[in-house]
Amino acid sequence: MNQASIPSEDNLDSPPFDLMQVPVLGPLFRWRYARPFLQIPLLLISVAMILHGLFGPSLAPKNLATTLSWLHFRGILVLVLLCTGNFFCLACPFMLVRQVARRFSRPRFTWPRGLRNKWLSVALFVLILFTYELFDLWSSPWWTAWLIIGYFLSALVVDGLFKHASFCKFVCPIGQFNFVASTLSPFEVKVRDQDVCTRCLTKDCIRGRHDATSDLVVIRGCELALFQPRKVGNMDCTFCLDCIHACPHDNVGILSRLPGRELLDDSLRSGIGYFSRRKDLAALAIVFTFGALLNAFGMVSPVYAVENWLGRMLHVSHEAPVLALIFAAFLILEPILLLGSAAWLTLAWGRVQRAFVPLVVRYSYGLVPIGFGMWLAHYSFHFLTGLYTIIPVTQNAFLSIGWPVLGEPRWTSTGLPANTVQVIEIGFLILGFAGSLAVTHGLAEEDSPAKPLRAFIPWAVVCAVLFSASLWLIFQPMEMRATLMSG
Amino acid sequence: MVDFQIEPQPVRVGPVVISIALTDADNHPVTGAQIAVEADMSHAGMSPVLAQANEVQPAHYETHLPLGMAGDWVIVLHGTLPNGEKIEQQFDVRNVRPN
């Protein structure tokens with residue numbers, strides 16, 4: 001066959017769909033004040049949540065702080081990440097406050113070199129998961145309000161002291177969650193035509209656009225050090241639109257792509273480096289994946305039996321050490337066993353020419369889809385089964401300030417039936433499982449072109465184990481507990 | 001003063017009986033009160049269970065509630081005394097076991 005007649009993969013791909021070309025959305029995103037326009041409503045909602053959390057009803061189901069944080073925010077967040085991209089970071093209210101603060105005080109320091117990685121944010125991500133369980137944040141409007149206040153203060157302090165978007169890139173646990181999940185999003189902020197970038201002399205997308213006379217930056221370049229022409233994927237991208245606004249050639253769009261394909265891509269990424277050399281990123285992917293199962297495990301009946309058994313074995317009645325052991329089992333022991341065994345088998349059986357740790361790092365990204373499937377299943381359960389509860393909670397909030405404009409609360413409004421939602425949950429898990437199989441198979445094909453199945457099977461088994469565990473979890477009876485250890 | 005009891009013990013998912021005995025500051029029984037009982041879970045997103053308590057004996061009120069899920073519940077009593085005074089009291093019912 002004539003070589004020229006074989007269509008290349010690129011030729012098979014249809015041109016990406018660009019969200020910037022969509023009426024209303026495109027002009028909105030091009031508007032210089034698009035970000036504050038989207039941030040202001042979320043800031044107002046955050047303030048309402050804080051006030052209601054601190055001064056409103058102490059019962060979680062009746063408070064805006066707990067209802068919006070633990071049902072609606074998390075549910076909508078994962079669904080937006082699945083269906084579009086990291087638009088929640090775009091509308092992040094913490095960044096609006098720090099932006100206003102920076103008008104009065106400019107940061108003077110650069111983020112310490114030793115902390116320019118994800119280790120701190122991985123630790124904070126684990127800490128958030130741990131405190132969520134230990135202090136039963138879902139049941140406490142007061143603690144939830146203080147968590148939101150803590151986020152605002154952290155963003156203000158970190159970005160008040162350190163230049164660029166240090167908080168987003170190196171600290172924010174929600175941001176890290178969004179970065180990892182958005183590797184599976186169908187949209188990416190990306191250059192439309194690489195040739196235009198090659199000819200570009202000013203590189204405004206990274207340097208910012210300068211005023212011709214004063215040389216002051218009038219439009220920021222990427223604060224997360226992602227140089228658009230060499231940016232690969234969504235990792236570390238907050239969808240802040242700075243590069244879109246700064247590009248003098250209107251060459252940056254929000255383009256469609258195959259979700260998860262970037263997990264297979266080990267090319268040099270601007271602002272990130274190589275995925276396969278980033279142990280910290282792999283740790284983040286592992287915490288994201290195994291943390292999804294751990295977070296769901298904290299809400300089902302068997303966790304209480306396990307905790308009480310551990311408490312008796314260790315002769316402790318305090319929750320913290322028992323919880324720490326469970327966290328260690330899920331986030332350290334289980335990944336070491338599963339990923340270690342799979343990597344060892346891949347090396348021994350698949351004859352892959354890689355060192356052990358880099359191999360584990362490389363394939364850990366392949367488990368992200370199944371982790372995201374579990375987050376989706378878990379958060380969509382709470383969101384969809386409690387979908388309408390925001391109505392009576394809001395009615396009650398207005399009533400409590402003596403302004404019954406929305407009428408008497410109808411507390412019987414809840415959401416979709418649990419058995420309907422369970423079907424959706426199963427769908428998310430299957431989607432995640434299929435995604436992880438596809439990514440790990442793609443990695444195995446690259447690593448062992450002659451016998452890809454031998455390199456793939458150990459990872460397929462890991463995926464199957466995680467999928468089975470996820471499926472088992474969603475079929476367990478839920479227990480809405482504010483106390484872990486009984487007695 | 002409100003004396004609150006819930007049966008069966010330990011509390012399990014399913015129907016439970018809430019018994020309330022009302023006395024005033026001088027420990028005299030309070031009859032003829034209107035008491036609404038509300039059961040909420042500790043997690044947002046769950047619909048509360050509502051019921052009206054009946055006076056089954058003088059100053060003794062009782063109602064049946066279906067607790068639909070294992071976990072921690074909060075029972076809130078909203079009462080109106082014969083003199084028009086409003087009372088509201090909250091009781092934690094922890095560790096409701098699955099059936």
# chains A, B, ... in the order shown; residues from 1 in each chain; ligands from 1

$ interface_residues --of "chain B" --to "chain A" --cutoff "12 Å" --atoms "only C-alpha atoms" --output "PyMOL selection string"
chain B and resi 10+12-13+38-50+67-76+90-99

$ write_last_selection --atoms "C-alpha atoms" --output "JSON list (two decimals), in the first residue's frame"
[["chain", "number", "residue", "atom", "x", "y", "z"],
["B", 10, "PRO", "CA", -30.05, 0.12, 71.22],
["B", 12, "ARG", "CA", -31.95, 0.58, 65.17],
["B", 13, "VAL", "CA", -33.07, 1.70, 61.72],
["B", 38, "GLU", "CA", -38.32, 16.48, 64.27],
["B", 39, "ALA", "CA", -35.53, 14.00, 63.57],
["B", 40, "ASP", "CA", -32.52, 15.14, 61.52],
["B", 41, "MET", "CA", -29.37, 13.31, 60.50],
["B", 42, "SER", "CA", -25.95, 14.73, 61.24],
["B", 43, "HIS", "CA", -25.17, 15.03, 57.50],
["B", 44, "ALA", "CA", -26.71, 17.60, 55.20],
["B", 45, "GLY", "CA", -28.91, 16.37, 52.37],
["B", 46, "MET", "CA", -31.21, 14.17, 54.36],
["B", 47, "SER", "CA", -34.86, 14.99, 54.74],
["B", 48, "PRO", "CA", -35.99, 15.44, 58.35],
["B", 49, "VAL", "CA", -38.63, 13.14, 59.77],
["B", 50, "LEU", "CA", -41.53, 15.03, 61.32],
["B", 67, "LEU", "CA", -35.52, 6.39, 61.26],
["B", 68, "GLY", "CA", -34.46, 5.57, 57.72],
["B", 69, "MET", "CA", -30.68, 5.36, 57.98],
["B", 70, "ALA", "CA", -27.98, 4.19, 60.33],
["B", 71, "GLY", "CA", -25.76, 6.78, 61.94],
["B", 72, "ASP", "CA", -26.22, 9.79, 64.19],
["B", 73, "TRP", "CA", -29.57, 11.49, 64.55],
["B", 74, "VAL", "CA", -30.63, 14.66, 66.32],
["B", 75, "ILE", "CA", -34.16, 14.79, 67.70],
["B", 76, "VAL", "CA", -35.55, 18.30, 68.10],
["B", 90, "GLN", "CA", -32.46, 18.99, 71.15],
["B", 91, "PHE", "CA", -31.40, 15.41, 71.94],
["B", 92, "ASP", "CA", -28.60, 13.49, 70.27],
["B", 93, "VAL", "CA", -29.35, 9.90, 69.32],
["B", 94, "ARG", "CA", -25.98, 8.54, 68.34],
["B", 95, "ASN", "CA", -24.97, 5.33, 66.67],
["B", 96, "VAL", "CA", -28.31, 4.17, 65.30],
["B", 97, "ARG", "CA", -27.50, 0.69, 64.07],
["B", 98, "PRO", "CA", -28.47, -0.81, 60.71],
["B", 99, "ASN", "CA", -31.21, -3.40, 60.77]]

$ atom_distance --atom1 "atom CA of Val287 of chain A" --atom2 "atom CA of Gly373 of chain A"
14.2 Å

$ residues_around --residues "Leu54 of chain A" --least-positions-apart "2" --cutoff "8 Å" --atoms "only C-alpha atoms" --output "PyMOL selection string"
chain A and resi 50-52+56+141-142+145

$ write_last_selection --atoms "C-alpha atoms" --output "compact mmCIF listing (two decimals), in the first residue's frame"
# COMPACT_ATOMS: atom_id res chain seq x y z
CA ILE A 50 -19.45 31.73 56.57
CA LEU A 51 -22.08 33.89 58.28
CA HIS A 52 -24.67 31.13 58.35
CA GLY A 56 -27.01 30.07 61.84
CA PRO A 141 -21.54 24.28 60.25
CA TRP A 142 -19.22 26.10 62.64
CA ALA A 145 -17.30 28.07 58.23

$ residues_around --residues "segment 339-346 of chain A" --least-positions-apart "4" --cutoff "6 Å" --atoms "only C-alpha atoms" --output "PyMOL selection string"
chain A and resi 335+350+360+455+458-459

$ write_last_selection --atoms "C-alpha atoms" --output "PDB file, in the first residue's frame"
ATOM      1  CA  PRO A 335      -0.534   1.603  47.241  1.00  0.00           C
ATOM      2  CA  GLY A 350       6.808  -7.918  30.741  1.00  0.00           C
ATOM      3  CA  VAL A 360       5.599   2.953  39.588  1.00  0.00           C
ATOM      4  CA  ALA A 455       3.127  -5.386  30.871  1.00  0.00           C
ATOM      5  CA  PRO A 458      -0.559  -6.635  36.316  1.00  0.00           C
ATOM      6  CA  TRP A 459      -1.973  -3.102  36.057  1.00  0.00           C
TER       7      TRP A 459
END

$ residues_around --residues "segment 3-8 of chain B" --least-positions-apart "4" --cutoff "7 Å" --atoms "only C-alpha atoms" --output "list of chain:residue names"
B:Val16, B:Val17, B:Ile18, B:Ser19, B:Ile20, B:Ala21, B:Leu22

$ write_last_selection --atoms "N, CA and C atoms" --output "mmCIF file, in the first residue's frame"
data_model
loop_
_atom_site.group_PDB
_atom_site.id
_atom_site.type_symbol
_atom_site.label_atom_id
_atom_site.label_comp_id
_atom_site.auth_asym_id
_atom_site.auth_seq_id
_atom_site.Cartn_x
_atom_site.Cartn_y
_atom_site.Cartn_z
ATOM 1 N N VAL B 16 -39.249 3.919 65.656
ATOM 2 C CA VAL B 16 -38.864 4.085 67.062
ATOM 3 C C VAL B 16 -39.996 4.818 67.774
ATOM 4 N N VAL B 17 -40.034 4.654 69.082
ATOM 5 C CA VAL B 17 -41.042 5.341 69.884
ATOM 6 C C VAL B 17 -40.339 6.394 70.730
ATOM 7 N N ILE B 18 -40.826 7.624 70.632
ATOM 8 C CA ILE B 18 -40.262 8.733 71.414
ATOM 9 C C ILE B 18 -41.256 9.049 72.529
ATOM 10 N N SER B 19 -40.766 9.024 73.757
ATOM 11 C CA SER B 19 -41.625 9.351 74.906
ATOM 12 C C SER B 19 -41.077 10.596 75.600
ATOM 13 N N ILE B 20 -41.961 11.509 75.891
ATOM 14 C CA ILE B 20 -41.556 12.780 76.498
ATOM 15 C C ILE B 20 -42.427 13.018 77.731
ATOM 16 N N ALA B 21 -41.767 13.367 78.827
ATOM 17 C CA ALA B 21 -42.517 13.758 80.024
ATOM 18 C C ALA B 21 -42.187 15.218 80.312
ATOM 19 N N LEU B 22 -43.217 16.044 80.471
ATOM 20 C CA LEU B 22 -43.003 17.488 80.659
ATOM 21 C C LEU B 22 -43.339 17.897 82.085
#

$ atom_distance --atom1 "atom CA of Asp18 of chain A" --atom2 "atom CA of Asp250 of chain A"
12.4 Å

$ residues_around --residues "Thr80 of chain B" --least-positions-apart "4" --cutoff "7 Å" --atoms "only C-alpha atoms" --output "list of chain:residue names"
B:Ala33, B:Gln34, B:Ile35, B:Gly84, B:Glu85, B:Lys86, B:Ile87

$ select_by_dssp --residues "segment 351-457 of chain A" --states "helix (DSSP H, G or I)" --output "PyMOL selection string"
chain A and resi 356-385+387-400+418-447+452-457

$ atom_distance --atom1 "atom CA of Leu359 of chain A" --atom2 "atom CA of Ala444 of chain A"
10.5 Å

$ closest_residue --among "A:Leu325, A:Ala34, A:Leu293, A:Val126" --to "Ala469 of chain A" --atoms "only C-alpha atoms"
A:Leu293

$ closest_residue --among "B:Pro66, B:Val30, B:Gln57, B:Pro15" --to "Pro82 of chain B" --atoms "only C-alpha atoms"
B:Val30

$ select_by_dssp --residues "chain B" --states "strand (DSSP E)" --output "ChimeraX atom specification"
/B:2-7,14-22,34-41,49-57,60-67,70-80,86-96

$ write_last_selection --atoms "C-alpha atoms" --output "PDB file, in the first residue's frame"
ATOM      1  CA  VAL B   2     -38.197  17.574  79.438  1.00  0.00           C
ATOM      2  CA  ASP B   3     -37.595  13.914  80.128  1.00  0.00           C
ATOM      3  CA  PHE B   4     -36.803  12.260  76.811  1.00  0.00           C
ATOM      4  CA  GLN B   5     -36.726   8.547  76.031  1.00  0.00           C
ATOM      5  CA  ILE B   6     -36.383   6.570  72.866  1.00  0.00           C
ATOM      6  CA  GLU B   7     -37.179   2.890  72.326  1.00  0.00           C
ATOM      7  CA  GLY B  14     -36.852   1.458  61.507  1.00  0.00           C
ATOM      8  CA  PRO B  15     -39.733   2.676  63.647  1.00  0.00           C
ATOM      9  CA  VAL B  16     -38.864   4.085  67.062  1.00  0.00           C
ATOM     10  CA  VAL B  17     -41.042   5.341  69.884  1.00  0.00           C
ATOM     11  CA  ILE B  18     -40.262   8.733  71.414  1.00  0.00           C
ATOM     12  CA  SER B  19     -41.625   9.351  74.906  1.00  0.00           C
ATOM     13  CA  ILE B  20     -41.556  12.780  76.498  1.00  0.00           C
ATOM     14  CA  ALA B  21     -42.517  13.758  80.024  1.00  0.00           C
ATOM     15  CA  LEU B  22     -43.003  17.488  80.659  1.00  0.00           C
ATOM     16  CA  GLN B  34     -48.462  20.798  71.674  1.00  0.00           C
ATOM     17  CA  ILE B  35     -45.231  19.026  70.791  1.00  0.00           C
ATOM     18  CA  ALA B  36     -43.843  18.568  67.287  1.00  0.00           C
ATOM     19  CA  VAL B  37     -40.965  16.128  66.961  1.00  0.00           C
ATOM     20  CA  GLU B  38     -38.324  16.480  64.268  1.00  0.00           C
ATOM     21  CA  ALA B  39     -35.526  13.998  63.570  1.00  0.00           C
ATOM     22  CA  ASP B  40     -32.516  15.135  61.524  1.00  0.00           C
ATOM     23  CA  MET B  41     -29.370  13.313  60.499  1.00  0.00           C
ATOM     24  CA  VAL B  49     -38.634  13.136  59.770  1.00  0.00           C
ATOM     25  CA  LEU B  50     -41.530  15.034  61.321  1.00  0.00           C
ATOM     26  CA  ALA B  51     -44.304  13.906  63.657  1.00  0.00           C
ATOM     27  CA  GLN B  52     -46.728  15.289  66.209  1.00  0.00           C
ATOM     28  CA  ALA B  53     -46.581  13.860  69.737  1.00  0.00           C
ATOM     29  CA  ASN B  54     -49.847  12.878  71.429  1.00  0.00           C
ATOM     30  CA  GLU B  55     -50.533  13.160  75.125  1.00  0.00           C
ATOM     31  CA  VAL B  56     -51.030   9.491  76.069  1.00  0.00           C
ATOM     32  CA  GLN B  57     -51.174  10.156  79.826  1.00  0.00           C
ATOM     33  CA  HIS B  60     -46.700  12.216  79.028  1.00  0.00           C
ATOM     34  CA  TYR B  61     -46.405  12.557  75.280  1.00  0.00           C
ATOM     35  CA  GLU B  62     -45.536   9.919  72.719  1.00  0.00           C
ATOM     36  CA  THR B  63     -44.935   9.582  69.012  1.00  0.00           C
ATOM     37  CA  HIS B  64     -43.617   7.077  66.490  1.00  0.00           C
ATOM     38  CA  LEU B  65     -40.887   7.989  64.027  1.00  0.00           C
ATOM     39  CA  PRO B  66     -39.317   5.981  61.213  1.00  0.00           C
ATOM     40  CA  LEU B  67     -35.522   6.393  61.257  1.00  0.00           C
ATOM     41  CA  ALA B  70     -27.978   4.190  60.327  1.00  0.00           C
ATOM     42  CA  GLY B  71     -25.758   6.784  61.942  1.00  0.00           C
ATOM     43  CA  ASP B  72     -26.223   9.790  64.190  1.00  0.00           C
ATOM     44  CA  TRP B  73     -29.567  11.494  64.554  1.00  0.00           C
ATOM     45  CA  VAL B  74     -30.628  14.660  66.317  1.00  0.00           C
ATOM     46  CA  ILE B  75     -34.157  14.794  67.700  1.00  0.00           C
ATOM     47  CA  VAL B  76     -35.554  18.302  68.099  1.00  0.00           C
ATOM     48  CA  LEU B  77     -38.693  18.933  70.135  1.00  0.00           C
ATOM     49  CA  HIS B  78     -40.676  22.035  69.246  1.00  0.00           C
ATOM     50  CA  GLY B  79     -43.283  22.633  71.940  1.00  0.00           C
ATOM     51  CA  THR B  80     -45.967  25.146  72.778  1.00  0.00           C
ATOM     52  CA  LYS B  86     -42.486  28.131  73.282  1.00  0.00           C
ATOM     53  CA  ILE B  87     -39.892  25.522  74.092  1.00  0.00           C
ATOM     54  CA  GLU B  88     -37.285  23.889  71.872  1.00  0.00           C
ATOM     55  CA  GLN B  89     -34.936  21.174  72.988  1.00  0.00           C
ATOM     56  CA  GLN B  90     -32.463  18.989  71.148  1.00  0.00           C
ATOM     57  CA  PHE B  91     -31.401  15.406  71.938  1.00  0.00           C
ATOM     58  CA  ASP B  92     -28.600  13.487  70.268  1.00  0.00           C
ATOM     59  CA  VAL B  93     -29.346   9.898  69.317  1.00  0.00           C
ATOM     60  CA  ARG B  94     -25.978   8.539  68.343  1.00  0.00           C
ATOM     61  CA  ASN B  95     -24.965   5.329  66.673  1.00  0.00           C
ATOM     62  CA  VAL B  96     -28.307   4.168  65.301  1.00  0.00           C
TER      63      VAL B  96
END

$ closest_residue --among "A:Glu188, A:Glu223, A:Asp242, A:Glu446" --to "Arg257 of chain A" --atoms "only C-alpha atoms"
A:Glu188
